[in-house]
Amino acid sequence: MLETLDAAAVRRWCASGLTALRTHQGEIDDLNVYPVPDGDTGTNLVLTLTSAQQALAMDLGTLPDDGHTPHGHALRLMARGALLGARGNSGVILSQILRGLADTLAAVPAVRGRQLADALADATTAAYAAVARPVEGTLLSVVAAAAHAARRADSDDLRAVARAAAEAAAHALARTPEQLPELARAGVVDAGGRGLCLLLDALVEVITGESPAQPAPASPARRAPVTAVRESGSDAYAYEVQYLLDATDEAVTRLRAELDALGDSLAIVGDGAGTWNVHVHVNDIGAAVEAGVVAGRPHRISVTRFADQGAPAPQAPLPEGRAAVVVATGAGIAELFAAEGAVVVPANPSTGELLDAIRATGAARVVVLPNDPNTQSVASAAAKEAHGLGVKVSVVPTRSPVQALAALAVRDPKRRFEDDVIAMAEAAGACRYAEVCHAAREALTVAGPARPGDVLALVEGEVHLIGQDLVDTCAAVVDRMLGGGGELVTLLCGADAPAGLADRVRAHVERAWPFVEVQAYEGGQPHYPLLVGVE
C-alpha cells in the first residue's frame, strides 16, 4: 500500500488503466447512445491512453529537467501523450482530466489525500472547460462527483481519498440515465463515464493493492444497426474533424468562435506549450481545416464521415494473426500491395501513422516494408512503440516498391513468423532495383555531369547512366542489371510515363534476353517514369 503517489505508481496506473480499458473496450463501445448510437468511445479511450503510455515509455528512466518532481514529470508526460493521441470527445476530455492532475501535482513534494482531492477538483474544471457546451449525465458528471467526494473525505490518507473518489464516480455513473433520457431509453450508463470509473478503480488498485468492488454497469439494450456514428452533438452535421494545432492562445480564441459557428461538439484543448487538440462536428470540412490553417499549423488531420460507418462489433482480444504494412507512393502500387493482402500507408508517413496502421491490422505479428531509406527509421520507431502494445513487429528494410513486391511474394503463413521474415528479407535483398528520372538541375555524378532534362538511371540509389532518350535509357539500365544475372524483371510505370513505355522496354528484353520473364504494371508513382526490379 502507498502513502504517497510516486512516479513508479503513475506508470503502473497508466498501464493498469490501459489494460482495464482494453478489457472493457467492446463493452464501452456498446454503451454509447448519446445522442445517437455510437460505437467508438471505448476505442477512443484506449487509443488516447495508449498514446499516454507511449509518451511515458519513450521517456522511461529520464529525470525531470523542468523543476518538477519525478511524479509530476510522469504525470505531465502522460497528459501530453494523451493530448497528442486524443480521439473523439471522450479522449479530449480525458486528456484534460490528466492535464488537470498534472498541473496541480507537478510541484507538490508528496501526493497524499488532500493533494489528490485538489488535483481532482482542478481536473474537473479542466474537463468542463474543454467542452463548448457541457452536458450533465456524461463523463463530466462522473469526474465532478469523484472530485466532490475526494474533497468531502477531508483526509491526508491517500487510500481513503482514492477509494472515496472511485466509489462516488461509480454511483454518479449509475445516475447518468436519470440525467439523460437517451441513456434511460437505451437502458445504459454513460460510456465515457464508465471508462473514467475503470481508470479510478485502477488508481485505487495501484495505491491499495486491492481491486475495488463496484456495481456493474447496465447492459446495453438491443438496438437496430445505425449509420450515423458520433460521440456527441446533434445529427445535423455529417463529419467529425480533428487535428493537432500549433498556435497562440489568441489565435485559438478566434478559432473557437469560428468553429462554434460552423458546427457542434466543439472541444479545443491545449498542453500549455502551444499545441492544441481540435475536435468539431461540421458539414463544411474545408472551412474547419482552413480555420485551423489561419490560426496556426494544423497537423495529423483526420476526417470521419458518419454515414460511412456502422456501429462496429465489440473488439476481441488481439488475435494471433499476421499482417503486413507497406508504404506506397502511387495509386497503382498501392493497389498491387492491397491485392497481396497488405495494409497500405501513403508515402512519407509519421511514426504515429505507421503505428495506427499496425494497430489497424488487428494482428499480433506484423511485418513493415518501408520502401524508402528515409522511412526506415520511422518504421523502426513505430515497431518499438508497437512492442509496448504487445504487437511483435519486424521491419524488412526494403528501399523500393519492387523489393516489397518480391518480399510479399514469398510470404508463407505456415512458416514460423521469424522464419517468414527472414525469407522476405532474403527475397527483398535478392531483388536489385533501379529508378529512371529526369535531372532537375546540373549535377556532377559518378556517371559524369548531368544537365537539366537529362535522363538519369539510378541503380541501388547511385547514378549509373545518363541519357537523352527515356526509352533508350530504360532499356540500357535493364541490360546493365541483367548483365549480373536475373530471371524476372518487374517494371512499374510512373504517373508521368509516356504511353507505351513498358511495352517498348518489354519488347527490348524479349529480343535481348529471351529467357527472362517481364512483368509490367501501372505504378502511378511521381517523379520516376519507371522503377525496375530484377530478381
# chains A, B, ... in the order shown; residues from 1 in each chain; ligands from 1
$ residues_around --residues "Val111 (chain A)" --least-positions-apart "4" --cutoff "7 Å" --atoms "only C-alpha atoms" --output "number ranges by chain"
A: 4-5, 115-116
$ write_last_selection --atoms "N, CA, C and O atoms" --output "PDB file, in the first residue's frame"
ATOM      1  N   THR A   4       2.042   7.747  -0.481  1.00  0.00           N
ATOM      2  CA  THR A   4       2.084   8.855  -1.435  1.00  0.00           C
ATOM      3  C   THR A   4       2.152   8.294  -2.853  1.00  0.00           C
ATOM      4  O   THR A   4       2.538   7.139  -3.067  1.00  0.00           O
ATOM      5  N   LEU A   5       1.802   9.139  -3.834  1.00  0.00           N
ATOM      6  CA  LEU A   5       1.813   8.737  -5.240  1.00  0.00           C
ATOM      7  C   LEU A   5       3.151   9.130  -5.849  1.00  0.00           C
ATOM      8  O   LEU A   5       3.464  10.318  -5.971  1.00  0.00           O
ATOM      9  N   GLN A 115      -3.944  16.444  -1.391  1.00  0.00           N
ATOM     10  CA  GLN A 115      -3.374  16.861  -2.670  1.00  0.00           C
ATOM     11  C   GLN A 115      -4.101  16.190  -3.844  1.00  0.00           C
ATOM     12  O   GLN A 115      -4.369  16.820  -4.863  1.00  0.00           O
ATOM     13  N   LEU A 116      -4.433  14.914  -3.677  1.00  0.00           N
ATOM     14  CA  LEU A 116      -5.188  14.226  -4.725  1.00  0.00           C
ATOM     15  C   LEU A 116      -6.566  14.852  -4.887  1.00  0.00           C
ATOM     16  O   LEU A 116      -7.061  15.028  -6.014  1.00  0.00           O
TER      17      LEU A 116
END
$ residues_around --residues "Asp420 (chain A)" --least-positions-apart "6" --cutoff "12 Å" --atoms "only C-alpha atoms" --output "list of chain:residue names"
A:Arg322, A:Ala323, A:Ala324, A:Arg365, A:Val366, A:Val367, A:Ser394, A:Val396, A:Ala407, A:Leu408, A:Ala409, A:Val410, A:Arg411, A:Asp412, A:Pro413, A:Lys414, A:Glu426, A:Ala427
$ select_by_dssp --residues "region 222-447 of chain A" --states "strand (DSSP E)" --output "MDAnalysis selection string"
chainID A and resid 239:247 264:270 275:282 296:305 322:328 343:346 365:369 392:395 432:438 443:445
$ residues_around --residues "Ala447 (chain A)" --least-positions-apart "4" --cutoff "7 Å" --atoms "only C-alpha atoms" --output "list in words"
Val463, His464, Leu465 and Ile466 of chain A
$ write_last_selection --atoms "N, CA, C and O atoms" --output "PDB file, in the first residue's frame"
ATOM      1  N   VAL A 463      23.738   6.943 -59.492  1.00  0.00           N
ATOM      2  CA  VAL A 463      23.568   7.208 -60.920  1.00  0.00           C
ATOM      3  C   VAL A 463      24.545   6.347 -61.713  1.00  0.00           C
ATOM      4  O   VAL A 463      25.770   6.448 -61.527  1.00  0.00           O
ATOM      5  N   HIS A 464      24.008   5.529 -62.604  1.00  0.00           N
ATOM      6  CA  HIS A 464      24.843   4.656 -63.433  1.00  0.00           C
ATOM      7  C   HIS A 464      24.852   5.088 -64.884  1.00  0.00           C
ATOM      8  O   HIS A 464      25.840   4.852 -65.594  1.00  0.00           O
ATOM      9  N   LEU A 465      23.773   5.691 -65.356  1.00  0.00           N
ATOM     10  CA  LEU A 465      23.671   6.071 -66.764  1.00  0.00           C
ATOM     11  C   LEU A 465      23.055   7.457 -66.887  1.00  0.00           C
ATOM     12  O   LEU A 465      22.168   7.838 -66.111  1.00  0.00           O
ATOM     13  N   ILE A 466      23.527   8.194 -67.883  1.00  0.00           N
ATOM     14  CA  ILE A 466      22.946   9.488 -68.223  1.00  0.00           C
ATOM     15  C   ILE A 466      22.636   9.461 -69.710  1.00  0.00           C
ATOM     16  O   ILE A 466      23.516   9.189 -70.538  1.00  0.00           O
TER      17      ILE A 466
END
$ residues_around --residues "region 500-510 of chain A" --least-positions-apart "3" --cutoff "8 Å" --atoms "only C-alpha atoms" --output "PyMOL selection string"
chain A and resi 471+474-475+478-479+491+493+497+513-516+518+520
$ write_last_selection --atoms "C-alpha atoms" --output "CSV table (one decimal), in the first residue's frame"
chain,number,residue,atom,x,y,z
A,471,VAL,CA,13.1,4.6,-73.7
A,474,CYS,CA,15.4,2.5,-69.6
A,475,ALA,CA,16.4,-0.3,-71.9
A,478,VAL,CA,17.8,-3.1,-67.7
A,479,ASP,CA,20.6,-4.5,-69.8
A,491,LEU,CA,8.5,-2.7,-64.4
A,493,CYS,CA,5.4,2.8,-64.8
A,497,ALA,CA,5.5,7.9,-68.0
A,513,TRP,CA,17.1,-11.7,-73.1
A,514,PRO,CA,14.7,-14.3,-74.4
A,515,PHE,CA,14.7,-16.4,-71.3
A,516,VAL,CA,13.9,-13.6,-68.9
A,518,VAL,CA,8.9,-9.5,-67.7
A,520,ALA,CA,4.8,-4.7,-66.1
$ residues_around --residues "Ala74 (chain A)" --least-positions-apart "3" --cutoff "8 Å" --atoms "only C-alpha atoms" --output "PyMOL selection string"
chain A and resi 7+10-11+56+70-71+77-78
$ residues_around --residues "region 159-168 of chain A" --least-positions-apart "6" --cutoff "7 Å" --atoms "only C-alpha atoms" --output "tab-separated table (two decimals) with all heavy atoms, in the first residue's frame"
chain	number	residue	atom	x	y	z
A	113	GLY	N	-3.67	12.45	0.45
A	113	GLY	CA	-5.09	12.53	0.20
A	113	GLY	C	-5.58	13.91	-0.21
A	113	GLY	O	-6.31	14.06	-1.20
A	145	ALA	N	-18.36	14.28	-9.59
A	145	ALA	CA	-18.74	13.55	-8.38
A	145	ALA	C	-17.52	12.99	-7.67
A	145	ALA	O	-17.42	13.01	-6.43
A	145	ALA	CB	-19.72	12.43	-8.74
A	146	ALA	N	-16.56	12.49	-8.44
A	146	ALA	CA	-15.34	11.95	-7.85
A	146	ALA	C	-14.58	13.04	-7.11
A	146	ALA	O	-14.10	12.83	-5.98
A	146	ALA	CB	-14.47	11.33	-8.94
A	147	ALA	N	-14.47	14.23	-7.73
A	147	ALA	CA	-13.75	15.32	-7.10
A	147	ALA	C	-14.46	15.80	-5.83
A	147	ALA	O	-13.82	16.08	-4.81
A	147	ALA	CB	-13.61	16.47	-8.10
A	149	ALA	N	-16.42	14.08	-3.82
A	149	ALA	CA	-16.27	13.08	-2.77
A	149	ALA	C	-14.86	13.10	-2.19
A	149	ALA	O	-14.66	12.92	-0.98
A	149	ALA	CB	-16.59	11.69	-3.31
A	150	ALA	N	-13.86	13.33	-3.04
A	150	ALA	CA	-12.49	13.39	-2.56
A	150	ALA	C	-12.31	14.57	-1.60
A	150	ALA	O	-11.66	14.45	-0.55
A	150	ALA	CB	-11.52	13.52	-3.74
A	153	ALA	N	-14.01	13.87	1.75
A	153	ALA	CA	-13.30	12.93	2.62
A	153	ALA	C	-12.40	13.66	3.60
A	153	ALA	O	-12.16	13.18	4.72
A	153	ALA	CB	-12.47	11.96	1.77
A	197	CYS	N	-14.50	5.51	-14.64
A	197	CYS	CA	-14.61	4.65	-13.45
A	197	CYS	C	-13.55	3.56	-13.47
A	197	CYS	O	-12.94	3.23	-12.44
A	197	CYS	CB	-16.00	4.04	-13.36
A	197	CYS	SG	-17.28	5.20	-12.81
A	200	LEU	N	-10.27	5.16	-12.42
A	200	LEU	CA	-10.22	5.43	-10.99
A	200	LEU	C	-10.08	4.14	-10.19
A	200	LEU	O	-9.37	4.09	-9.18
A	200	LEU	CB	-11.46	6.21	-10.55
A	200	LEU	CG	-11.54	7.65	-11.07
A	200	LEU	CD1	-12.87	8.28	-10.69
A	200	LEU	CD2	-10.38	8.49	-10.53
A	201	ASP	N	-10.74	3.09	-10.65
A	201	ASP	CA	-10.57	1.78	-10.00
A	201	ASP	C	-9.13	1.31	-10.11
A	201	ASP	O	-8.56	0.73	-9.16
A	201	ASP	CB	-11.50	0.75	-10.64
A	201	ASP	CG	-12.97	0.97	-10.28
A	201	ASP	OD1	-13.24	1.78	-9.38
A	201	ASP	OD2	-13.84	0.35	-10.92
A	204	VAL	N	-7.07	3.12	-7.55
A	204	VAL	CA	-7.26	2.54	-6.21
A	204	VAL	C	-6.46	1.26	-6.07
A	204	VAL	O	-5.81	1.01	-5.04
A	204	VAL	CB	-8.76	2.28	-5.95
A	204	VAL	CG1	-8.95	1.46	-4.67
A	204	VAL	CG2	-9.53	3.59	-5.86
A	207	ILE	N	-2.79	2.03	-5.60
A	207	ILE	CA	-2.48	2.63	-4.29
A	207	ILE	C	-2.65	1.62	-3.15
A	207	ILE	O	-1.83	1.54	-2.24
A	207	ILE	CB	-3.37	3.86	-4.05
A	207	ILE	CG1	-2.98	4.98	-5.03
A	207	ILE	CG2	-3.26	4.36	-2.61
A	207	ILE	CD1	-3.92	6.17	-5.01
A	208	THR	N	-3.73	0.84	-3.21
A	208	THR	CA	-4.05	-0.04	-2.08
A	208	THR	C	-3.63	-1.48	-2.29
A	208	THR	O	-3.53	-2.25	-1.32
A	208	THR	CB	-5.56	-0.03	-1.81
A	208	THR	OG1	-6.24	-0.64	-2.92
A	208	THR	CG2	-6.07	1.40	-1.63
$ closest_residue --among "A:Arg99, A:Arg114, A:His171, A:Arg480" --to "Arg194 (chain A)" --atoms "only C-alpha atoms"
A:His171
$ atom_distance --atom1 "CA of Ser90 (chain A)" --atom2 "CA of Val269 (chain A)"
12.3 Å
$ select_by_dssp --residues "region 394-516 of chain A" --states "alpha helix (DSSP H)" --output "ChimeraX atom specification"
/A:401-409,417-429,470-482,501-512
$ write_last_selection --atoms "C-alpha atoms" --output "PDB file, in the first residue's frame"
ATOM      1  CA  PRO A 401       8.443  -0.928 -54.049  1.00  0.00           C
ATOM      2  CA  VAL A 402       9.827  -3.630 -56.334  1.00  0.00           C
ATOM      3  CA  GLN A 403      11.673  -5.116 -53.360  1.00  0.00           C
ATOM      4  CA  ALA A 404       8.451  -5.110 -51.355  1.00  0.00           C
ATOM      5  CA  LEU A 405       6.660  -6.977 -54.142  1.00  0.00           C
ATOM      6  CA  ALA A 406       9.421  -9.584 -54.091  1.00  0.00           C
ATOM      7  CA  ALA A 407       9.152  -9.899 -50.313  1.00  0.00           C
ATOM      8  CA  LEU A 408       5.371 -10.220 -50.298  1.00  0.00           C
ATOM      9  CA  ALA A 409       5.540 -12.899 -52.995  1.00  0.00           C
ATOM     10  CA  PHE A 417       6.879 -15.737 -38.174  1.00  0.00           C
ATOM     11  CA  GLU A 418      10.609 -15.271 -37.614  1.00  0.00           C
ATOM     12  CA  ASP A 419      11.442 -17.634 -40.473  1.00  0.00           C
ATOM     13  CA  ASP A 420       8.927 -15.871 -42.725  1.00  0.00           C
ATOM     14  CA  VAL A 421      10.525 -12.505 -42.005  1.00  0.00           C
ATOM     15  CA  ILE A 422      13.944 -13.925 -42.869  1.00  0.00           C
ATOM     16  CA  ALA A 423      12.604 -15.305 -46.152  1.00  0.00           C
ATOM     17  CA  MET A 424      11.036 -11.952 -47.012  1.00  0.00           C
ATOM     18  CA  ALA A 425      14.247 -10.107 -46.190  1.00  0.00           C
ATOM     19  CA  GLU A 426      16.251 -12.507 -48.372  1.00  0.00           C
ATOM     20  CA  ALA A 427      13.822 -12.063 -51.273  1.00  0.00           C
ATOM     21  CA  ALA A 428      13.961  -8.284 -50.945  1.00  0.00           C
ATOM     22  CA  GLY A 429      17.744  -8.324 -50.771  1.00  0.00           C
ATOM     23  CA  LEU A 470      13.855   7.928 -71.963  1.00  0.00           C
ATOM     24  CA  VAL A 471      13.139   4.586 -73.661  1.00  0.00           C
ATOM     25  CA  ASP A 472      16.767   4.024 -74.660  1.00  0.00           C
ATOM     26  CA  THR A 473      17.993   4.791 -71.138  1.00  0.00           C
ATOM     27  CA  CYS A 474      15.375   2.488 -69.589  1.00  0.00           C
ATOM     28  CA  ALA A 475      16.410  -0.335 -71.902  1.00  0.00           C
ATOM     29  CA  ALA A 476      20.086   0.304 -71.199  1.00  0.00           C
ATOM     30  CA  VAL A 477      19.704   0.165 -67.427  1.00  0.00           C
ATOM     31  CA  VAL A 478      17.772  -3.110 -67.686  1.00  0.00           C
ATOM     32  CA  ASP A 479      20.601  -4.521 -69.830  1.00  0.00           C
ATOM     33  CA  ARG A 480      23.149  -3.436 -67.271  1.00  0.00           C
ATOM     34  CA  MET A 481      21.207  -5.059 -64.415  1.00  0.00           C
ATOM     35  CA  LEU A 482      20.590  -8.312 -66.314  1.00  0.00           C
ATOM     36  CA  LEU A 501       6.964   2.868 -72.267  1.00  0.00           C
ATOM     37  CA  ALA A 502       6.524  -0.511 -70.573  1.00  0.00           C
ATOM     38  CA  ASP A 503       5.654  -2.239 -73.871  1.00  0.00           C
ATOM     39  CA  ARG A 504       8.787  -0.914 -75.566  1.00  0.00           C
ATOM     40  CA  VAL A 505      11.053  -1.927 -72.688  1.00  0.00           C
ATOM     41  CA  ARG A 506       9.369  -5.355 -72.574  1.00  0.00           C
ATOM     42  CA  ALA A 507       9.925  -5.829 -76.310  1.00  0.00           C
ATOM     43  CA  HIS A 508      13.594  -4.958 -75.897  1.00  0.00           C
ATOM     44  CA  VAL A 509      14.027  -7.501 -73.113  1.00  0.00           C
ATOM     45  CA  GLU A 510      12.271 -10.210 -75.117  1.00  0.00           C
ATOM     46  CA  ARG A 511      14.685  -9.617 -78.004  1.00  0.00           C
ATOM     47  CA  ALA A 512      17.894  -9.280 -75.991  1.00  0.00           C
TER      48      ALA A 512
END
$ atom_distance --atom1 "CA of Ala499 (chain A)" --atom2 "CA of Ile333 (chain A)"
17.7 Å
$ atom_distance --atom1 "CA of Thr398 (chain A)" --atom2 "CA of His299 (chain A)"
27.3 Å
$ residues_around --residues "Asn44 (chain A)" --least-positions-apart "2" --cutoff "8 Å" --atoms "only C-alpha atoms" --output "compact mmCIF listing (two decimals) with N, CA and C atoms, in the first residue's frame"
# COMPACT_ATOMS: atom_id res chain seq x y z
N ASP A 40 -17.67 3.88 -30.72
CA ASP A 40 -16.23 4.01 -30.67
C ASP A 40 -15.67 4.69 -29.44
N THR A 41 -16.48 4.92 -28.40
CA THR A 41 -15.93 5.59 -27.22
C THR A 41 -14.88 4.73 -26.53
N GLY A 42 -15.13 3.44 -26.39
CA GLY A 42 -14.14 2.56 -25.80
C GLY A 42 -12.85 2.55 -26.61
N VAL A 46 -9.14 3.92 -25.41
CA VAL A 46 -7.97 3.04 -25.48
C VAL A 46 -6.85 3.71 -26.27
N LEU A 47 -7.19 4.28 -27.43
CA LEU A 47 -6.17 4.92 -28.25
C LEU A 47 -5.56 6.13 -27.55
N THR A 48 -6.40 6.87 -26.83
CA THR A 48 -5.90 8.05 -26.11
C THR A 48 -4.93 7.64 -25.01
N ALA A 86 -5.30 12.05 -28.43
CA ALA A 86 -6.73 12.06 -28.07
C ALA A 86 -7.61 11.80 -29.29
N ARG A 87 -8.59 10.93 -29.14
CA ARG A 87 -9.54 10.61 -30.19
C ARG A 87 -10.95 10.89 -29.67
N GLY A 88 -11.73 11.62 -30.44
CA GLY A 88 -13.12 11.86 -30.07
C GLY A 88 -13.24 12.74 -28.84
N SER A 90 -14.49 12.00 -25.92
CA SER A 90 -14.09 11.33 -24.68
C SER A 90 -12.59 11.37 -24.49
N GLY A 91 -11.84 11.18 -25.57
CA GLY A 91 -10.39 11.23 -25.48
C GLY A 91 -9.88 12.62 -25.15
$ closest_residue --among "A:Gly524, A:Gly352, A:Gly533, A:Gly485" --to "Val459 (chain A)" --atoms "only C-alpha atoms"
A:Gly533
$ closest_residue --among "A:Asn283, A:Leu492, A:Val327, A:Glu385" --to "Pro397 (chain A)" --atoms "only C-alpha atoms"
A:Val327
